[in-house]
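Below is my_file35.tsv, which holds TSV, C-alpha atoms and all ligand atoms.
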chain	number	residue	atom	x	y	z
D	228	MET	CA	0.00	0.00	0.00
D	229	SER	CA	1.21	3.49	-0.80
D	230	THR	CA	2.01	5.70	2.16
D	231	ASP	CA	1.83	8.85	0.04
D	232	ALA	CA	-1.79	10.03	0.06
D	233	SER	CA	-1.09	12.37	-2.88
D	234	VAL	CA	-0.39	9.45	-5.22
D	235	PRO	CA	-3.74	8.46	-6.72
D	236	VAL	CA	-4.62	4.79	-6.91
D	237	ARG	CA	-5.51	3.99	-10.49
D	238	ALA	CA	-6.74	0.77	-11.99
D	239	LEU	CA	-6.40	1.15	-15.74
D	240	ALA	CA	-6.95	-2.58	-16.08
D	241	ALA	CA	-9.72	-4.57	-17.73
D	242	ALA	CA	-11.72	-7.07	-15.64
D	243	ALA	CA	-9.66	-9.85	-17.25
D	244	PRO	CA	-6.87	-9.87	-19.87
D	245	VAL	CA	-8.29	-8.76	-23.23
D	246	ARG	CA	-7.60	-10.39	-26.59
D	247	LEU	CA	-8.78	-7.99	-29.28
D	248	GLU	CA	-11.04	-9.58	-31.90
D	249	SER	CA	-10.97	-6.59	-34.21
D	250	VAL	CA	-9.75	-3.04	-34.47
D	251	GLU	CA	-11.61	-0.79	-36.88
D	252	VAL	CA	-10.40	2.62	-38.06
D	253	ARG	CA	-13.10	4.66	-39.72
D	254	TYR	CA	-13.02	8.19	-41.05
D	255	ILE	CA	-15.96	10.52	-40.49
D	256	ALA	CA	-16.48	13.94	-42.12
D	257	LEU	CA	-17.98	16.80	-40.12
D	258	THR	CA	-18.46	20.49	-41.00
D	259	LEU	CA	-17.79	23.13	-38.33
D	260	VAL	CA	-20.69	25.47	-37.50
D	261	ARG	CA	-18.22	28.34	-37.90
D	262	PRO	CA	-14.68	28.38	-39.37
D	263	PHE	CA	-11.86	28.29	-36.78
D	264	GLU	CA	-8.68	30.25	-37.50
D	265	THR	CA	-5.40	30.05	-35.58
D	266	SER	CA	-1.91	31.42	-36.25
D	267	PHE	CA	-1.21	28.30	-38.36
D	268	GLY	CA	-4.34	28.23	-40.52
D	269	ARG	CA	-8.06	28.19	-41.00
D	270	MET	CA	-10.31	25.16	-40.70
D	271	ASP	CA	-13.96	24.82	-41.76
D	272	ALA	CA	-14.45	21.05	-41.75
D	273	ARG	CA	-12.69	18.03	-40.32
D	274	VAL	CA	-12.10	14.42	-41.18
D	275	ILE	CA	-11.87	12.59	-37.87
D	276	PRO	CA	-10.43	9.06	-37.65
D	277	LEU	CA	-12.24	6.97	-35.02
D	278	VAL	CA	-10.96	3.72	-33.52
D	279	ARG	CA	-13.35	0.96	-32.47
D	280	MET	CA	-12.02	-2.13	-30.66
D	281	VAL	CA	-14.05	-5.26	-29.96
D	282	ALA	CA	-13.32	-8.09	-27.52
D	283	ASP	CA	-15.76	-10.61	-26.02
D	284	GLY	CA	-18.77	-8.65	-27.25
D	285	VAL	CA	-17.59	-5.43	-25.59
D	286	GLU	CA	-16.53	-2.44	-27.67
D	287	GLY	CA	-14.37	0.61	-27.00
D	288	TRP	CA	-14.11	3.90	-28.89
D	289	GLY	CA	-11.25	6.33	-29.37
D	290	GLU	CA	-10.66	9.43	-31.50
D	291	ILE	CA	-7.53	10.51	-33.37
D	292	VAL	CA	-7.06	14.30	-33.24
D	293	ALA	CA	-4.56	14.58	-36.11
D	294	ASP	CA	-5.16	17.01	-38.97
D	295	ASP	CA	-4.53	16.58	-42.72
D	296	LEU	CA	-1.30	18.61	-42.62
D	297	PRO	CA	1.44	18.75	-39.95
D	298	LEU	CA	0.68	22.34	-38.86
D	299	PHE	CA	-0.05	21.87	-35.15
D	300	SER	CA	2.39	18.99	-34.70
D	301	ALA	CA	4.13	16.46	-36.96
D	302	ASP	CA	1.12	14.11	-36.71
D	303	THR	CA	-1.08	13.73	-39.80
D	304	ILE	CA	-4.12	11.60	-40.63
D	305	ALA	CA	-2.28	9.85	-43.47
D	306	GLY	CA	0.68	9.17	-41.19
D	307	ALA	CA	-1.61	7.76	-38.53
D	308	GLN	CA	-3.31	5.49	-41.08
D	309	HIS	CA	0.09	4.16	-42.16
D	310	VAL	CA	1.53	3.44	-38.71
D	311	LEU	CA	-1.75	2.00	-37.40
D	312	ALA	CA	-1.94	-0.48	-40.28
D	313	GLU	CA	1.75	-1.36	-40.54
D	314	ALA	CA	2.96	-1.22	-36.95
D	315	PHE	CA	0.63	-0.27	-34.09
D	316	ILE	CA	-2.43	-2.47	-34.63
D	317	PRO	CA	-0.34	-5.58	-35.52
D	318	ALA	CA	1.57	-5.01	-32.25
D	319	LEU	CA	-1.69	-5.26	-30.28
D	320	LEU	CA	-3.55	-8.06	-32.09
D	321	GLY	CA	-3.05	-11.56	-30.75
D	322	ARG	CA	-1.47	-10.66	-27.44
D	323	PRO	CA	-3.25	-10.41	-24.08
D	324	LEU	CA	-3.66	-6.83	-22.87
D	325	SER	CA	-4.49	-6.42	-19.19
D	326	SER	CA	-4.33	-2.67	-18.91
D	327	VAL	CA	-3.83	0.59	-20.79
D	328	GLN	CA	-0.22	0.44	-19.62
D	329	ASP	CA	0.13	-2.84	-21.59
D	330	VAL	CA	-1.05	-0.98	-24.71
D	331	ALA	CA	1.49	1.80	-24.06
D	332	ALA	CA	4.25	-0.78	-23.50
D	333	ALA	CA	3.45	-2.59	-26.78
D	334	LEU	CA	3.79	0.69	-28.70
D	335	ARG	CA	6.71	2.22	-26.79
D	336	ARG	CA	9.46	1.16	-29.24
D	337	PHE	CA	7.77	3.14	-32.02
D	338	LYS	CA	8.81	6.79	-32.17
D	339	GLY	CA	6.35	9.64	-32.53
D	340	HIS	CA	2.78	9.42	-33.88
D	341	ALA	CA	1.37	10.28	-30.46
D	342	MET	CA	-2.11	10.96	-31.84
D	343	ALA	CA	-2.38	7.51	-33.45
D	344	LYS	CA	-1.13	5.87	-30.23
D	345	ALA	CA	-3.65	7.89	-28.24
D	346	GLY	CA	-6.51	6.70	-30.47
D	347	LEU	CA	-5.63	3.12	-29.46
D	348	GLU	CA	-5.18	3.91	-25.75
D	349	LEU	CA	-8.50	5.75	-25.69
D	350	ALA	CA	-10.41	2.90	-27.34
D	351	PHE	CA	-8.78	0.38	-25.00
D	352	MET	CA	-9.53	2.53	-21.93
D	353	ASP	CA	-13.19	2.72	-22.96
D	354	LEU	CA	-13.32	-1.05	-23.50
D	355	ALA	CA	-11.46	-1.83	-20.24
D	356	ALA	CA	-13.72	0.42	-18.15
D	357	ARG	CA	-16.81	-1.14	-19.79
D	358	THR	CA	-15.62	-4.66	-18.89
D	359	ARG	CA	-15.57	-3.50	-15.26
D	360	GLY	CA	-18.86	-1.60	-15.47
D	361	VAL	CA	-17.28	1.69	-14.38
D	362	SER	CA	-16.87	5.08	-16.04
D	363	ILE	CA	-13.41	6.11	-17.22
D	364	SER	CA	-13.50	8.97	-14.71
D	365	GLU	CA	-14.01	6.45	-11.90
D	366	ALA	CA	-11.33	4.12	-13.32
D	367	ILE	CA	-8.62	6.82	-13.39
D	368	GLY	CA	-9.44	8.34	-9.99
D	369	GLY	CA	-11.48	11.37	-11.06
D	370	THR	CA	-12.82	13.39	-8.15
D	371	ARG	CA	-15.33	15.75	-9.78
D	372	ALA	CA	-18.83	15.21	-11.19
D	373	ARG	CA	-18.73	18.47	-13.18
D	374	VAL	CA	-15.77	20.37	-14.58
D	375	PRO	CA	-15.34	24.11	-15.27
D	376	VAL	CA	-14.99	24.97	-18.94
D	377	GLY	CA	-13.85	27.78	-21.20
D	378	VAL	CA	-13.96	28.43	-24.92
D	379	SER	CA	-11.23	29.05	-27.49
D	380	LEU	CA	-12.13	31.78	-29.98
D	381	GLY	CA	-10.42	31.94	-33.36
D	382	ILE	CA	-9.05	34.88	-35.30
D	383	GLU	CA	-11.94	36.79	-36.91
D	384	LYS	CA	-12.27	39.14	-39.90
D	385	ASP	CA	-12.39	42.16	-37.56
D	386	VAL	CA	-12.31	43.01	-33.85
D	387	PRO	CA	-16.05	43.86	-33.45
D	388	THR	CA	-16.90	40.34	-34.69
D	389	LEU	CA	-14.55	38.85	-32.09
D	390	VAL	CA	-15.98	41.01	-29.29
D	391	GLU	CA	-19.46	39.82	-30.26
D	392	GLN	CA	-18.24	36.19	-30.01
D	393	VAL	CA	-16.67	36.90	-26.60
D	394	LEU	CA	-19.86	38.39	-25.18
D	395	ARG	CA	-22.03	35.64	-26.66
D	396	HIS	CA	-19.94	32.92	-24.98
D	397	VAL	CA	-19.69	34.78	-21.66
D	398	ALA	CA	-23.50	34.99	-21.68
D	399	GLN	CA	-23.63	31.20	-22.17
D	400	GLY	CA	-21.68	30.75	-18.92
D	401	TYR	CA	-18.16	29.93	-20.17
D	402	GLN	CA	-15.78	30.58	-17.26
D	403	ARG	CA	-12.75	31.53	-19.35
D	404	ILE	CA	-12.27	33.05	-22.78
D	405	LYS	CA	-9.17	32.20	-24.83
D	406	LEU	CA	-8.21	34.31	-27.82
D	407	LYS	CA	-6.03	33.06	-30.64
D	408	ILE	CA	-3.23	35.56	-31.37
D	409	LYS	CA	-0.54	36.01	-34.03
D	410	PRO	CA	1.69	38.93	-35.10
D	411	GLY	CA	-0.70	41.64	-36.34
D	412	TRP	CA	-3.63	40.23	-34.27
D	413	ASP	CA	-2.48	40.57	-30.69
D	414	VAL	CA	-1.94	43.55	-28.33
D	415	ASP	CA	-4.56	45.91	-29.83
D	416	VAL	CA	-7.11	43.10	-30.16
D	417	VAL	CA	-6.59	41.98	-26.56
D	418	ARG	CA	-6.88	45.59	-25.31
D	419	THR	CA	-10.27	46.02	-27.03
D	420	VAL	CA	-11.57	42.65	-25.78
D	421	ARG	CA	-10.40	43.50	-22.24
D	422	GLU	CA	-12.38	46.76	-22.33
D	423	ALA	CA	-15.54	44.81	-23.27
D	424	TYR	CA	-14.83	41.96	-20.79
D	425	PRO	CA	-12.98	43.70	-17.95
D	426	THR	CA	-12.91	41.21	-15.08
D	427	GLY	CA	-13.39	37.62	-16.33
D	428	LEU	CA	-10.71	35.02	-16.93
D	429	LEU	CA	-8.99	35.80	-20.24
D	430	SER	CA	-6.05	34.06	-21.89
D	431	VAL	CA	-4.29	34.04	-25.27
D	432	ASP	CA	-2.79	31.25	-27.39
D	433	ALA	CA	-0.14	31.97	-30.06
D	434	ASN	CA	0.39	28.38	-31.30
D	435	THR	CA	4.16	29.05	-31.70
D	436	ALA	CA	3.80	32.26	-33.77
D	437	TYR	CA	6.56	34.34	-32.06
D	438	THR	CA	10.31	34.29	-31.38
D	439	LEU	CA	12.31	35.55	-28.42
D	440	ALA	CA	13.02	38.71	-30.48
D	441	ASP	CA	9.32	39.57	-29.91
D	442	ALA	CA	9.78	39.63	-26.09
D	443	ASP	CA	9.31	43.40	-25.76
D	444	HIS	CA	6.15	43.27	-27.84
D	445	LEU	CA	4.78	40.33	-25.82
D	446	ARG	CA	5.50	42.22	-22.57
D	447	ALA	CA	2.75	44.66	-23.55
D	448	LEU	CA	0.31	41.79	-22.85
D	449	ASP	CA	1.27	42.01	-19.14
D	450	ALA	CA	-1.07	45.04	-18.92
D	451	PHE	CA	-4.24	42.98	-19.39
D	452	ASP	CA	-4.24	40.69	-16.34
D	453	LEU	CA	-4.25	37.56	-18.50
D	454	LEU	CA	-4.59	34.13	-16.93
D	455	MET	CA	-1.82	32.89	-19.22
D	456	ILE	CA	-0.02	33.20	-22.55
D	457	GLU	CA	-0.12	29.79	-24.23
D	458	GLN	CA	2.74	28.50	-26.39
D	459	PRO	CA	4.22	31.80	-27.64
D	460	LEU	CA	7.43	30.27	-29.06
D	461	GLN	CA	8.57	27.23	-31.04
D	462	HIS	CA	7.22	23.80	-30.13
D	463	ASP	CA	10.68	22.34	-29.48
D	464	ASP	CA	12.22	25.25	-27.55
D	465	LEU	CA	12.05	24.99	-23.76
D	466	VAL	CA	15.15	27.18	-23.33
D	467	ASP	CA	13.80	30.30	-25.07
D	468	HIS	CA	10.49	29.86	-23.22
D	469	ALA	CA	12.44	29.94	-19.94
D	470	ALA	CA	14.13	33.18	-21.03
D	471	LEU	CA	10.78	34.68	-22.02
D	472	GLN	CA	9.05	33.62	-18.79
D	473	LYS	CA	11.68	35.59	-16.83
D	474	LEU	CA	10.73	38.72	-18.80
D	475	LEU	CA	6.95	38.33	-18.37
D	476	ARG	CA	4.74	38.78	-15.34
D	477	THR	CA	2.00	36.76	-17.06
D	478	ASP	CA	2.27	32.97	-16.64
D	479	ILE	CA	3.35	31.04	-19.72
D	480	CYS	CA	1.39	27.84	-20.37
D	481	LEU	CA	2.92	25.25	-22.70
D	482	ASP	CA	0.85	23.13	-25.07
D	483	GLU	CA	2.75	21.94	-28.19
D	484	SER	CA	6.03	21.65	-26.20
D	485	ILE	CA	4.68	19.19	-23.62
D	486	VAL	CA	4.88	15.94	-25.57
D	487	HIS	CA	5.30	13.60	-22.58
D	488	ALA	CA	5.77	13.59	-18.80
D	489	ARG	CA	9.55	14.03	-19.07
D	490	ALA	CA	9.07	17.21	-21.14
D	491	ALA	CA	6.74	18.54	-18.42
D	492	ALA	CA	9.38	17.83	-15.77
D	493	HIS	CA	12.05	19.54	-17.88
D	494	ALA	CA	9.85	22.59	-18.57
D	495	LEU	CA	9.02	23.05	-14.88
D	496	ALA	CA	12.67	22.55	-13.82
D	497	LEU	CA	13.87	25.10	-16.42
D	498	GLY	CA	11.12	27.62	-15.61
D	499	SER	CA	9.82	27.48	-19.21
D	500	CYS	CA	6.21	27.72	-17.98
D	501	ARG	CA	4.13	27.87	-14.81
D	502	LEU	CA	1.08	26.07	-16.22
D	503	VAL	CA	0.52	23.10	-18.48
D	504	ASN	CA	-2.21	22.25	-20.98
D	505	ILE	CA	-2.77	18.48	-21.26
D	506	LYS	CA	-4.23	17.01	-24.44
D	507	ILE	CA	-4.54	13.23	-24.39
D	508	GLY	CA	-3.94	13.08	-28.16
D	509	ARG	CA	-0.82	15.26	-28.20
D	510	VAL	CA	0.88	13.17	-25.49
D	511	GLY	CA	-0.05	9.71	-26.83
D	512	GLY	CA	-2.84	8.67	-24.47
D	513	TYR	CA	-3.88	8.19	-20.86
D	514	THR	CA	-0.56	6.79	-19.64
D	515	GLU	CA	1.42	9.95	-20.40
D	516	ALA	CA	-1.49	12.29	-19.63
D	517	LEU	CA	-1.74	10.88	-16.11
D	518	GLY	CA	2.05	11.08	-15.77
D	519	ILE	CA	1.99	14.77	-16.72
D	520	HIS	CA	-0.88	15.39	-14.31
D	521	ASP	CA	1.12	13.83	-11.44
D	522	THR	CA	4.43	15.52	-12.40
D	523	CYS	CA	2.75	18.94	-12.44
D	524	GLN	CA	0.92	18.25	-9.18
D	525	ALA	CA	4.24	17.37	-7.52
D	526	HIS	CA	5.69	20.70	-8.76
D	527	GLY	CA	2.61	22.67	-7.62
D	528	ALA	CA	1.80	23.60	-11.23
D	529	PRO	CA	-1.91	23.57	-12.16
D	530	VAL	CA	-2.98	21.81	-15.35
D	531	TRP	CA	-6.03	22.13	-17.59
D	532	CYS	CA	-7.51	20.06	-20.38
D	533	GLY	CA	-6.88	21.31	-23.91
D	534	GLY	CA	-9.12	20.65	-26.91
D	535	MET	CA	-8.69	19.74	-30.59
D	536	LEU	CA	-12.20	20.34	-31.98
D	537	GLU	CA	-13.16	16.79	-31.04
D	538	CYS	CA	-16.42	15.05	-31.77
D	539	GLY	CA	-18.35	13.60	-28.82
D	540	ILE	CA	-16.04	10.61	-28.43
D	541	GLY	CA	-12.91	12.68	-27.84
D	542	ARG	CA	-14.91	15.15	-25.76
D	543	ALA	CA	-16.12	12.35	-23.45
D	544	HIS	CA	-12.52	11.21	-22.92
D	545	ASN	CA	-11.46	14.82	-22.21
D	546	LEU	CA	-14.16	15.16	-19.56
D	547	ALA	CA	-13.03	11.96	-17.83
D	548	LEU	CA	-9.44	13.24	-17.78
D	549	ALA	CA	-10.47	16.71	-16.58
D	550	SER	CA	-12.23	15.18	-13.56
D	551	LEU	CA	-8.80	14.48	-11.98
D	552	PRO	CA	-7.92	16.68	-8.99
D	553	ASN	CA	-5.07	18.80	-10.42
D	554	PHE	CA	-7.19	20.00	-13.36
D	555	SER	CA	-7.85	23.22	-11.48
D	556	LEU	CA	-8.35	25.66	-14.39
D	557	PRO	CA	-11.24	25.66	-16.91
D	558	GLY	CA	-10.58	23.39	-19.90
D	559	ASP	CA	-11.09	23.93	-23.65
D	560	ILE	CA	-14.09	21.61	-23.39
D	561	SER	CA	-16.97	23.41	-25.03
D	562	ALA	CA	-20.55	22.38	-25.81
D	563	SER	CA	-21.05	20.10	-28.82
D	564	LYS	CA	-23.06	22.88	-30.51
D	565	ARG	CA	-20.07	25.25	-30.39
D	566	TYR	CA	-18.52	23.05	-33.12
D	567	TRP	CA	-21.15	20.75	-34.66
D	568	THR	CA	-24.81	20.99	-35.64
D	569	ARG	CA	-25.11	17.30	-34.80
D	570	ASP	CA	-22.66	15.29	-32.66
D	571	VAL	CA	-21.88	11.57	-32.88
D	572	THR	CA	-22.79	11.03	-29.20
D	573	THR	CA	-25.42	12.41	-26.86
D	574	PRO	CA	-24.53	16.11	-27.16
D	575	PHE	CA	-22.58	17.82	-24.38
D	576	GLU	CA	-24.05	20.99	-22.93
D	577	VAL	CA	-22.57	23.81	-20.87
D	578	ALA	CA	-24.70	24.72	-17.85
D	579	ALA	CA	-25.34	28.37	-16.92
D	580	ASP	CA	-22.61	28.07	-14.24
D	581	GLY	CA	-20.00	27.26	-16.92
D	582	THR	CA	-19.57	23.57	-16.12
D	583	VAL	CA	-20.07	20.35	-18.08
D	584	GLY	CA	-21.11	17.10	-16.40
D	585	VAL	CA	-18.62	14.22	-16.46
D	586	PRO	CA	-20.31	11.14	-18.01
D	587	THR	CA	-21.17	8.50	-15.41
D	588	GLY	CA	-22.13	5.52	-17.60
D	589	PRO	CA	-19.68	2.65	-18.26
D	590	GLY	CA	-16.59	3.61	-20.29
D	591	ILE	CA	-16.90	6.96	-22.07
D	592	GLY	CA	-20.34	7.00	-20.50
D	593	VAL	CA	-22.44	8.46	-23.33
D	594	ALA	CA	-24.52	6.90	-26.09
D	595	ILE	CA	-22.95	6.57	-29.55
D	596	ASP	CA	-25.19	7.60	-32.48
D	597	MET	CA	-24.24	4.70	-34.77
D	598	ASP	CA	-26.72	5.64	-37.51
D	599	PHE	CA	-25.23	9.12	-37.78
D	600	ILE	CA	-21.67	7.75	-37.69
D	601	ASP	CA	-22.53	5.38	-40.57
D	602	ASP	CA	-24.04	8.29	-42.52
D	603	ILE	CA	-20.89	10.42	-42.32
D	604	THR	CA	-18.31	7.63	-42.69
D	605	THR	CA	-16.10	8.15	-45.75
D	606	ALA	CA	-13.78	5.13	-45.36
D	607	ARG	CA	-13.36	2.13	-43.09
D	608	HIS	CA	-10.55	-0.37	-42.47
D	609	GLU	CA	-10.90	-3.40	-40.24
D	610	TYR	CA	-7.96	-5.35	-38.79
D	611	ARG	CA	-8.18	-8.79	-37.16
D	701	LIG	C1	-4.82	24.72	-29.15
D	701	LIG	N1	-7.11	23.97	-29.70
D	701	LIG	O1	-5.06	24.85	-27.97
D	701	LIG	C2	-5.75	24.01	-30.13
D	701	LIG	C3	-5.58	24.40	-31.53
D	701	LIG	C4	-6.10	23.35	-32.47
D	701	LIG	C5	-9.36	24.60	-29.04
D	701	LIG	O2	-7.67	26.14	-29.42
D	701	LIG	C6	-6.73	19.56	-35.70
D	701	LIG	C7	-5.38	19.69	-35.51
D	701	LIG	C8	-7.58	20.38	-35.04
D	701	LIG	C9	-4.89	20.68	-34.70
D	701	LIG	C10	-7.93	22.19	-33.48
D	701	LIG	C11	-7.97	24.99	-29.41
D	701	LIG	C12	-7.10	21.36	-34.17
D	701	LIG	C13	-5.74	21.52	-34.02
D	701	LIG	C14	-7.43	23.16	-32.65
D	701	LIG	C15	-5.27	22.50	-33.15
D	701	LIG	O3	-3.74	25.12	-29.54
D	702	MG	MG	-2.91	25.67	-27.60

With the file now loaded, output its structure as structure tokens.
Amino acid sequence: MSTDASVPVRALAAAAPVRLESVEVRYIALTLVRPFETSFGRMDARVIPLVRMVADGVEGWGEIVADDLPLFSADTIAGAQHVLAEAFIPALLGRPLSSVQDVAAALRRFKGHAMAKAGLELAFMDLAARTRGVSISEAIGGTRARVPVGVSLGIEKDVPTLVEQVLRHVAQGYQRIKLKIKPGWDVDVVRTVREAYPTGLLSVDANTAYTLADADHLRALDAFDLLMIEQPLQHDDLVDHAALQKLLRTDICLDESIVHARAAAHALALGSCRLVNIKIGRVGGYTEALGIHDTCQAHGAPVWCGGMLECGIGRAHNLALASLPNFSLPGDISASKRYWTRDVTTPFEVAADGTVGVPTGPGIGVAIDMDFIDDITTARHEYR
């Protein structure tokens, strides 16, 4: 028995060792209700690869959050398809898997492709929790029934349009507003939004759009009492982030840079950030996400759950993760209707108090709309 009460007890195991009967990867096409623009590009629709595992009549679902092009990270949908078919799924079929950690161990020798690995860990976690009749939140040691949420607002055609979006989402209860910034859409935009939204939680996300040479310009953001500046510099540069953090009063939060628990430990030791955004897809699944959660908790650094414009399956997994105790800031976990006119699961809603309920049913805990998924499926590959 552990003597350290701060170390959560987690059973990421299935009721009995699982031998997968089939792993299906299917691609669904969904159109966003409104285009979403970041410093790296504009998106108006998504193809989302879904993973469905079956064993002993029980299924499990995961989502792969990769994009067509390697703009957010090196992961791509085509790359995921390749490594799933040629390496990852063959490494899982025909061997007993007792826990999510067994899945992680079977894939560990393969470098990169975190989002494809995460799709498999997520589907297995769903299946494993269902075999035990518990929700994923319960299985991983979640402590909250509802989690606080915020919204991430893209770059707009003009500032009045953005201000209108800010006020609309504040009125819906969102507890934190995040603005996407890039050179030419930053200090003046944030000043105007701050005037219209003077006291609420406000943060910005640059998605790597700046360099350390922009430090003086970024210091102007210190005037707006921001909750954080997310990922201002390059994805692979913890050293320049440490230099920048020394020059800023505002807390830096890293997203793209935190690719596993060791990177989180390095970033906190170097002073590259004071906060961490955890995305299960970016870090390769539950195993690393929980490791980052614990590493940050040990350093006294709060974490929050990031988002990748997921459909209901990824959103359900995010909610389970965000129910852990060190997720103490509002996550990028918005209502289904913020992104989709129709979701592939029971839709998620944001209550007037700015929280979303954590699903309580077995596994991901929400109903899958199989008819709708079949309607929007563009391709399907099954592996046995
Ligand atoms: C972020 N998410 O925090 C990301 C950006 C993002 C909600 O701001 C496919 C690939 C879809 C990469 C959606 C939010 C994505 C993506 C959003 C990145 O940086
Ligand atoms: Mg981000």

* **Å distance separating atom CA of D:Asp602 from atom CA of D:Val571, one decimal place** =>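 According to the coordinates, atom CA of D:Asp602 and atom CA of D:Val571 are separated by 10.4 Å.
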
* To do: Find the distance between atom CA of D:Leu349 and atom CA of D:Glu251 and write it in Å to one decimal.
  =>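 Atom-to-atom, atom CA of D:Leu349 and atom CA of D:Glu251 are spaced 13.3 Å apart.
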
* To do: Please check which protein, DNA or RNA residues sit within 12 Å of ligand MG 702 (chain D), counting all atoms listed in the file, and write them as JSON, numbers by chain.
  => {"D": [265, 266, 267, 299, 300, 378, 379, 380, 381, 405, 406, 407, 408, 430, 431, 432, 433, 434, 435, 436, 455, 456, 457, 458, 459, 460, 462, 479, 480, 481, 482, 483, 484, 485, 503, 504, 505, 506, 509, 531, 532, 533, 534, 535, 536, 558, 559]}

* Asked: Which residue gives the smallest distance to D:Gly321 among D:Ile304, D:Val292, D:Val245, D:Val393, with all atoms listed in the file counted?
  ->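 That would be D:Val245, the residue with the smallest distance to D:Gly321.
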
Report, as JSON, the centre and edge lengths in Å (one decimal) of the axis-aligned box enclosing every listed atom of stretch 253-259 of chain D, padded by 8 Å on each side.
{"center_x": -15.7, "center_y": 13.9, "center_z": -40.2, "size_x": 21.4, "size_y": 34.5, "size_z": 19.8}

* From the list D:Ser249, D:Gln472, D:Thr587, D:Thr604, which residue is nearest D:Ala356 when using all atoms listed in the file? ->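 So, comparing all the options, the nearest one is D:Thr587.
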
Surrounding residues of D:Ile507 excluding itself and chain neighbours under 2 positions, 12 Å, only C-alpha atoms, as a compact mmCIF listing (two decimals) with C-alpha atoms, in the frame of the given file:
# COMPACT_ATOMS: atom_id res chain seq x y z
CA GLY D 289 -11.25 6.33 -29.37
CA GLU D 290 -10.66 9.43 -31.50
CA ILE D 291 -7.53 10.51 -33.37
CA VAL D 292 -7.06 14.30 -33.24
CA ALA D 293 -4.56 14.58 -36.11
CA ALA D 341 1.37 10.28 -30.46
CA MET D 342 -2.11 10.96 -31.84
CA ALA D 343 -2.38 7.51 -33.45
CA LYS D 344 -1.13 5.87 -30.23
CA ALA D 345 -3.65 7.89 -28.24
CA GLY D 346 -6.51 6.70 -30.47
CA LEU D 347 -5.63 3.12 -29.46
CA GLU D 348 -5.18 3.91 -25.75
CA LEU D 349 -8.50 5.75 -25.69
CA ASP D 482 0.85 23.13 -25.07
CA GLU D 483 2.75 21.94 -28.19
CA ILE D 485 4.68 19.19 -23.62
CA VAL D 486 4.88 15.94 -25.57
CA HIS D 487 5.30 13.60 -22.58
CA ALA D 488 5.77 13.59 -18.80
CA ASN D 504 -2.21 22.25 -20.98
CA ILE D 505 -2.77 18.48 -21.26
CA ARG D 509 -0.82 15.26 -28.20
CA VAL D 510 0.88 13.17 -25.49
CA GLY D 511 -0.05 9.71 -26.83
CA GLY D 512 -2.84 8.67 -24.47
CA TYR D 513 -3.88 8.19 -20.86
CA THR D 514 -0.56 6.79 -19.64
CA GLU D 515 1.42 9.95 -20.40
CA ALA D 516 -1.49 12.29 -19.63
CA LEU D 517 -1.74 10.88 -16.11
CA GLY D 518 2.05 11.08 -15.77
CA ILE D 519 1.99 14.77 -16.72
CA HIS D 520 -0.88 15.39 -14.31
CA TRP D 531 -6.03 22.13 -17.59
CA CYS D 532 -7.51 20.06 -20.38
CA GLY D 533 -6.88 21.31 -23.91
CA GLY D 534 -9.12 20.65 -26.91
CA MET D 535 -8.69 19.74 -30.59
CA GLU D 537 -13.16 16.79 -31.04
CA GLY D 541 -12.91 12.68 -27.84
CA ARG D 542 -14.91 15.15 -25.76
CA ALA D 543 -16.12 12.35 -23.45
CA HIS D 544 -12.52 11.21 -22.92
CA ASN D 545 -11.46 14.82 -22.21
CA LEU D 546 -14.16 15.16 -19.56
CA ALA D 547 -13.03 11.96 -17.83
CA LEU D 548 -9.44 13.24 -17.78
CA ALA D 549 -10.47 16.71 -16.58
